[in-house]
Amino acid sequence: SEEEGFGGDGGEDELDPEMSKEGRRGEVEFMKEKLDMFEFGALEEAMRRSGGMPPMSTKWVEGWKNNDDGSRFVRSRLVARDFKPKREENPEEMFAAMPPLEAKKLLFRMAAGVRAWRRKKRAAEIKLMFIDVRKAHLNAVCDEEAWVELPEEFWQWGRYAELRRWLYGMREAAAGWEEEYAKKTEKEGYKRGIGAPTVFHNKEAETRL
């Protein structure tokens, strides 16, 4: 996943203002049009529905990134400023499981180990596919009452909005993404690993991920 890759690929020099604007326009379009992740409303409504709590502030986090052809572009991410409370009651809720390196090595070995046998039996060859989920955390459905104050790029629709999906920087975003992909994967017939909950197996389809 590229979720933490906000900068570093293209150097630490100053960002180009026009490219930064283009990056923000693309992010606004993706979040509003494709994901429909905001329910816009007034500040008074946000305060009332949140029990008097003000909407969470947000900021743009940007950095240079490189295309495959070597050209550069500015990647913009809208990040919620979800600060850590003084007393953390359930810190484990903000973490998501990471796949162990051993799991990836095992998949490679299993694919290589049956290759000659399957060719001899004229069976379909086992293949490895690598997929990068685009803007992973934004795909997770927000199941709580969470309001944010948006930057001026959104003001033509509204300055405040309730989230339909988790936003970068929110403490529940990573765990929400894990729950989202696990639920959908299991729905497709995959069984989730016990020792490594990021590993899935579909016996009928002969597929592991």
# chains A, B, ... in the order shown; residues from 1 in each chain; ligands from 1
>>> residues_around(residues="region 193-208 of chain A", least_positions_apart="4", cutoff="8 Å", atoms="only C-alpha atoms", output="list of chain:residue names")
A:Ala97, A:Met98, A:Pro99, A:Pro100, A:Ala103, A:Leu107, A:Ala182, A:Thr185, A:Gly189
>>> select_by_dssp(residues="region 4-203 of chain A", states="strand (DSSP E)", output="PyMOL selection string")
chain A and resi 38-41+58-66+72-80+147-149+160-163+191-192+200-202
>>> select_by_dssp(residues="region 34-206 of chain A", states="helix (DSSP H, G or I)", output="MDAnalysis selection string")
chainID A and resid 34 43:49 91:94 101:113 115:120 136:139 152:154 173:187
>>> write_last_selection(atoms="C-alpha atoms", output="PDB file, in the first residue's frame")
ATOM      1  CA  LYS A  34     -16.214   8.739  -6.708  1.00  0.00           C
ATOM      2  CA  LEU A  43     -21.761  23.993  12.044  1.00  0.00           C
ATOM      3  CA  GLU A  44     -24.807  24.122  14.299  1.00  0.00           C
ATOM      4  CA  GLU A  45     -25.938  20.713  13.068  1.00  0.00           C
ATOM      5  CA  ALA A  46     -22.460  19.271  13.556  1.00  0.00           C
ATOM      6  CA  MET A  47     -22.278  20.569  17.135  1.00  0.00           C
ATOM      7  CA  ARG A  48     -25.756  19.294  17.964  1.00  0.00           C
ATOM      8  CA  ARG A  49     -25.234  15.818  16.533  1.00  0.00           C
ATOM      9  CA  PRO A  91      -5.115   2.076  22.139  1.00  0.00           C
ATOM     10  CA  GLU A  92      -5.348  -1.286  20.354  1.00  0.00           C
ATOM     11  CA  GLU A  93      -8.370  -0.060  18.375  1.00  0.00           C
ATOM     12  CA  MET A  94      -6.201   2.274  16.277  1.00  0.00           C
ATOM     13  CA  LEU A 101       7.131 -11.454   5.799  1.00  0.00           C
ATOM     14  CA  GLU A 102       6.938 -15.223   6.311  1.00  0.00           C
ATOM     15  CA  ALA A 103       3.468 -15.268   4.752  1.00  0.00           C
ATOM     16  CA  LYS A 104       4.734 -13.735   1.509  1.00  0.00           C
ATOM     17  CA  LYS A 105       7.716 -16.101   1.409  1.00  0.00           C
ATOM     18  CA  LEU A 106       5.366 -19.040   1.893  1.00  0.00           C
ATOM     19  CA  LEU A 107       3.192 -17.979  -1.044  1.00  0.00           C
ATOM     20  CA  PHE A 108       6.288 -17.814  -3.268  1.00  0.00           C
ATOM     21  CA  ARG A 109       7.433 -21.264  -2.158  1.00  0.00           C
ATOM     22  CA  MET A 110       4.022 -22.810  -2.644  1.00  0.00           C
ATOM     23  CA  ALA A 111       3.730 -21.392  -6.160  1.00  0.00           C
ATOM     24  CA  ALA A 112       7.214 -22.582  -7.110  1.00  0.00           C
ATOM     25  CA  GLY A 113       6.842 -25.962  -5.416  1.00  0.00           C
ATOM     26  CA  ARG A 115       4.926 -25.658 -10.798  1.00  0.00           C
ATOM     27  CA  ALA A 116       6.614 -28.759 -12.265  1.00  0.00           C
ATOM     28  CA  TRP A 117       3.917 -31.090 -10.898  1.00  0.00           C
ATOM     29  CA  ARG A 118       1.093 -29.044 -12.410  1.00  0.00           C
ATOM     30  CA  ARG A 119       2.839 -28.852 -15.798  1.00  0.00           C
ATOM     31  CA  LYS A 120       3.259 -32.614 -15.835  1.00  0.00           C
ATOM     32  CA  ALA A 136      -6.899   2.230   0.814  1.00  0.00           C
ATOM     33  CA  HIS A 137      -8.012   3.968   4.015  1.00  0.00           C
ATOM     34  CA  LEU A 138     -10.605   6.083   2.208  1.00  0.00           C
ATOM     35  CA  ASN A 139     -12.474   2.924   1.196  1.00  0.00           C
ATOM     36  CA  GLU A 152     -11.539  25.984   1.150  1.00  0.00           C
ATOM     37  CA  GLU A 153     -11.364  23.605  -1.839  1.00  0.00           C
ATOM     38  CA  PHE A 154     -14.669  22.150  -0.586  1.00  0.00           C
ATOM     39  CA  ALA A 173      -8.900   4.549   9.817  1.00  0.00           C
ATOM     40  CA  ALA A 174      -6.383   1.680   9.729  1.00  0.00           C
ATOM     41  CA  ALA A 175      -8.542  -0.700  11.756  1.00  0.00           C
ATOM     42  CA  GLY A 176     -11.566   0.323   9.684  1.00  0.00           C
ATOM     43  CA  TRP A 177      -9.739  -0.548   6.467  1.00  0.00           C
ATOM     44  CA  GLU A 178      -8.736  -3.963   7.860  1.00  0.00           C
ATOM     45  CA  GLU A 179     -12.333  -4.702   8.805  1.00  0.00           C
ATOM     46  CA  GLU A 180     -13.564  -3.508   5.398  1.00  0.00           C
ATOM     47  CA  TYR A 181     -11.284  -5.665   3.227  1.00  0.00           C
ATOM     48  CA  ALA A 182     -11.591  -8.684   5.538  1.00  0.00           C
ATOM     49  CA  LYS A 183     -15.385  -8.569   5.460  1.00  0.00           C
ATOM     50  CA  LYS A 184     -15.513  -8.299   1.674  1.00  0.00           C
ATOM     51  CA  THR A 185     -12.892 -11.004   1.165  1.00  0.00           C
ATOM     52  CA  GLU A 186     -14.731 -13.450   3.428  1.00  0.00           C
ATOM     53  CA  LYS A 187     -17.951 -12.664   1.574  1.00  0.00           C
TER      54      LYS A 187
END
>>> atom_distance(atom1="CA of Gly41 (chain A)", atom2="CA of Glu29 (chain A)")
18.7 Å
>>> residues_around(residues="Pro151 (chain A)", least_positions_apart="4", cutoff="8 Å", atoms="only C-alpha atoms", output="list in words")
Thr58, Lys59, Trp155 and Arg159 of chain A
>>> write_last_selection(atoms="N, CA and C atoms", output="tab-separated table (two decimals), in the first residue's frame")
chain	number	residue	atom	x	y	z
A	58	THR	N	-8.86	19.75	9.61
A	58	THR	CA	-8.14	18.97	8.61
A	58	THR	C	-7.02	19.82	8.01
A	59	LYS	N	-6.11	19.18	7.31
A	59	LYS	CA	-5.03	19.90	6.63
A	59	LYS	C	-4.58	19.08	5.44
A	155	TRP	N	-15.46	24.41	-0.10
A	155	TRP	CA	-16.45	25.35	0.41
A	155	TRP	C	-17.60	25.62	-0.55
A	159	ARG	N	-18.67	23.86	4.31
A	159	ARG	CA	-17.44	23.94	5.09
A	159	ARG	C	-17.33	22.81	6.11
>>> residues_around(residues="region 141-147 of chain A", least_positions_apart="6", cutoff="6 Å", atoms="only C-alpha atoms", output="VMD selection string")
chain A and resid 55 161 to 166
>>> write_last_selection(atoms="N, CA, C and O atoms", output="mmCIF file, in the first residue's frame")
data_model
loop_
_atom_site.group_PDB
_atom_site.id
_atom_site.type_symbol
_atom_site.label_atom_id
_atom_site.label_comp_id
_atom_site.auth_asym_id
_atom_site.auth_seq_id
_atom_site.Cartn_x
_atom_site.Cartn_y
_atom_site.Cartn_z
ATOM 1 N N PRO A 55 -16.309 20.193 15.099
ATOM 2 C CA PRO A 55 -15.787 19.315 14.035
ATOM 3 C C PRO A 55 -14.266 19.250 14.069
ATOM 4 O O PRO A 55 -13.596 20.215 14.429
ATOM 5 N N ALA A 161 -18.757 18.769 7.295
ATOM 6 C CA ALA A 161 -19.367 17.562 6.744
ATOM 7 C C ALA A 161 -19.208 16.391 7.708
ATOM 8 O O ALA A 161 -18.205 16.280 8.431
ATOM 9 N N GLU A 162 -20.206 15.514 7.679
ATOM 10 C CA GLU A 162 -20.104 14.247 8.393
ATOM 11 C C GLU A 162 -19.461 13.237 7.451
ATOM 12 O O GLU A 162 -19.774 13.194 6.262
ATOM 13 N N LEU A 163 -18.575 12.431 7.986
ATOM 14 C CA LEU A 163 -17.853 11.469 7.158
ATOM 15 C C LEU A 163 -18.672 10.207 6.931
ATOM 16 O O LEU A 163 -19.230 9.648 7.867
ATOM 17 N N ARG A 164 -18.722 9.773 5.668
ATOM 18 C CA ARG A 164 -19.294 8.472 5.343
ATOM 19 C C ARG A 164 -18.202 7.412 5.282
ATOM 20 O O ARG A 164 -18.476 6.221 5.359
ATOM 21 N N ARG A 165 -16.957 7.858 5.102
ATOM 22 C CA ARG A 165 -15.796 6.971 5.088
ATOM 23 C C ARG A 165 -14.691 7.607 5.924
ATOM 24 O O ARG A 165 -14.636 8.821 6.056
ATOM 25 N N TRP A 166 -13.834 6.767 6.473
ATOM 26 C CA TRP A 166 -12.754 7.290 7.309
ATOM 27 C C TRP A 166 -11.786 8.123 6.490
ATOM 28 O O TRP A 166 -11.572 7.863 5.314
#
>>> atom_distance(atom1="CA of Leu15 (chain A)", atom2="CA of Gly70 (chain A)")
16.5 Å
>>> residues_around(residues="Phe73 (chain A)", least_positions_apart="3", cutoff="8 Å", atoms="only C-alpha atoms", output="PyMOL selection string")
chain A and resi 19+23+64-67
>>> atom_distance(atom1="CA of Glu149 (chain A)", atom2="CA of Glu18 (chain A)")
23.9 Å
>>> residues_around(residues="Gly169 (chain A)", least_positions_apart="5", cutoff="9 Å", atoms="only C-alpha atoms", output="PyMOL selection string")
chain A and resi 58+78-83
>>> decode(residues="region 54-155 of chain A", atoms="C-alpha atoms", output="compact mmCIF listing (two decimals), in the first residue's frame")
# COMPACT_ATOMS: atom_id res chain seq x y z
CA PRO A 54 -16.58 20.90 17.41
CA PRO A 55 -15.79 19.31 14.04
CA MET A 56 -12.28 17.93 13.66
CA SER A 57 -9.91 20.18 11.74
CA THR A 58 -8.14 18.97 8.61
CA LYS A 59 -5.03 19.90 6.63
CA TRP A 60 -3.39 19.07 3.32
CA VAL A 61 -0.30 16.86 3.47
CA GLU A 62 1.65 16.98 0.22
CA GLY A 63 4.88 15.80 -1.31
CA TRP A 64 6.62 14.96 -4.55
CA LYS A 65 6.01 11.52 -6.10
CA ASN A 66 7.47 9.90 -9.18
CA ASN A 67 5.58 8.39 -12.10
CA ASP A 68 6.86 5.21 -13.75
CA ASP A 69 8.39 7.28 -16.55
CA GLY A 70 10.39 9.35 -14.07
CA SER A 71 8.23 12.49 -14.25
CA ARG A 72 7.11 14.06 -11.01
CA PHE A 73 3.77 15.06 -9.61
CA VAL A 74 2.48 16.40 -6.31
CA ARG A 75 0.46 13.95 -4.27
CA SER A 76 -2.08 15.62 -2.01
CA ARG A 77 -3.83 13.95 0.90
CA LEU A 78 -6.52 15.49 3.07
CA VAL A 79 -5.66 14.49 6.64
CA ALA A 80 -7.79 14.81 9.77
CA ARG A 81 -6.02 16.22 12.79
CA ASP A 82 -7.14 13.53 15.22
CA PHE A 83 -4.98 14.31 18.23
CA LYS A 84 -4.25 11.75 20.90
CA PRO A 85 -6.27 12.24 24.11
CA LYS A 86 -4.44 12.53 27.42
CA ARG A 87 -5.77 9.18 28.60
CA GLU A 88 -6.00 6.43 26.01
CA GLU A 89 -8.66 3.84 26.94
CA ASN A 90 -8.40 1.42 24.01
CA PRO A 91 -5.12 2.08 22.14
CA GLU A 92 -5.35 -1.29 20.35
CA GLU A 93 -8.37 -0.06 18.38
CA MET A 94 -6.20 2.27 16.28
CA PHE A 95 -3.94 -0.49 14.95
CA ALA A 96 -4.40 -2.87 12.03
CA ALA A 97 -2.68 -6.20 11.50
CA MET A 98 0.28 -6.23 9.11
CA PRO A 99 1.10 -9.27 6.96
CA PRO A 100 4.22 -11.07 8.21
CA LEU A 101 7.13 -11.45 5.80
CA GLU A 102 6.94 -15.22 6.31
CA ALA A 103 3.47 -15.27 4.75
CA LYS A 104 4.73 -13.73 1.51
CA LYS A 105 7.72 -16.10 1.41
CA LEU A 106 5.37 -19.04 1.89
CA LEU A 107 3.19 -17.98 -1.04
CA PHE A 108 6.29 -17.81 -3.27
CA ARG A 109 7.43 -21.26 -2.16
CA MET A 110 4.02 -22.81 -2.64
CA ALA A 111 3.73 -21.39 -6.16
CA ALA A 112 7.21 -22.58 -7.11
CA GLY A 113 6.84 -25.96 -5.42
CA VAL A 114 3.85 -27.13 -7.48
CA ARG A 115 4.93 -25.66 -10.80
CA ALA A 116 6.61 -28.76 -12.26
CA TRP A 117 3.92 -31.09 -10.90
CA ARG A 118 1.09 -29.04 -12.41
CA ARG A 119 2.84 -28.85 -15.80
CA LYS A 120 3.26 -32.61 -15.84
CA LYS A 121 -0.44 -33.05 -15.05
CA ARG A 122 -1.32 -30.37 -17.64
CA ALA A 123 -3.04 -28.39 -14.90
CA ALA A 124 -3.36 -24.61 -14.98
CA GLU A 125 -0.23 -22.85 -13.80
CA ILE A 126 -0.27 -21.13 -10.43
CA LYS A 127 0.35 -17.41 -10.86
CA LEU A 128 1.30 -14.58 -8.53
CA MET A 129 -0.47 -11.24 -8.82
CA PHE A 130 0.54 -8.02 -7.06
CA ILE A 131 -2.18 -5.42 -6.50
CA ASP A 132 -1.89 -2.01 -4.88
CA VAL A 133 -5.18 -0.75 -3.50
CA ARG A 134 -5.61 2.89 -4.43
CA LYS A 135 -6.05 5.18 -1.41
CA ALA A 136 -6.90 2.23 0.81
CA HIS A 137 -8.01 3.97 4.02
CA LEU A 138 -10.60 6.08 2.21
CA ASN A 139 -12.47 2.92 1.20
CA ALA A 140 -13.41 1.99 4.76
CA VAL A 141 -16.95 2.90 5.80
CA CYS A 142 -17.16 5.24 8.80
CA ASP A 143 -19.71 3.78 11.20
CA GLU A 144 -19.48 6.53 13.81
CA GLU A 145 -20.68 10.13 14.10
CA ALA A 146 -17.60 11.98 12.86
CA TRP A 147 -17.65 15.59 11.61
CA VAL A 148 -14.77 17.51 10.04
CA GLU A 149 -14.04 21.08 9.05
CA LEU A 150 -12.97 21.05 5.41
CA PRO A 151 -10.44 23.32 3.62
CA GLU A 152 -11.54 25.98 1.15
CA GLU A 153 -11.36 23.60 -1.84
CA PHE A 154 -14.67 22.15 -0.59
CA TRP A 155 -16.45 25.35 0.41
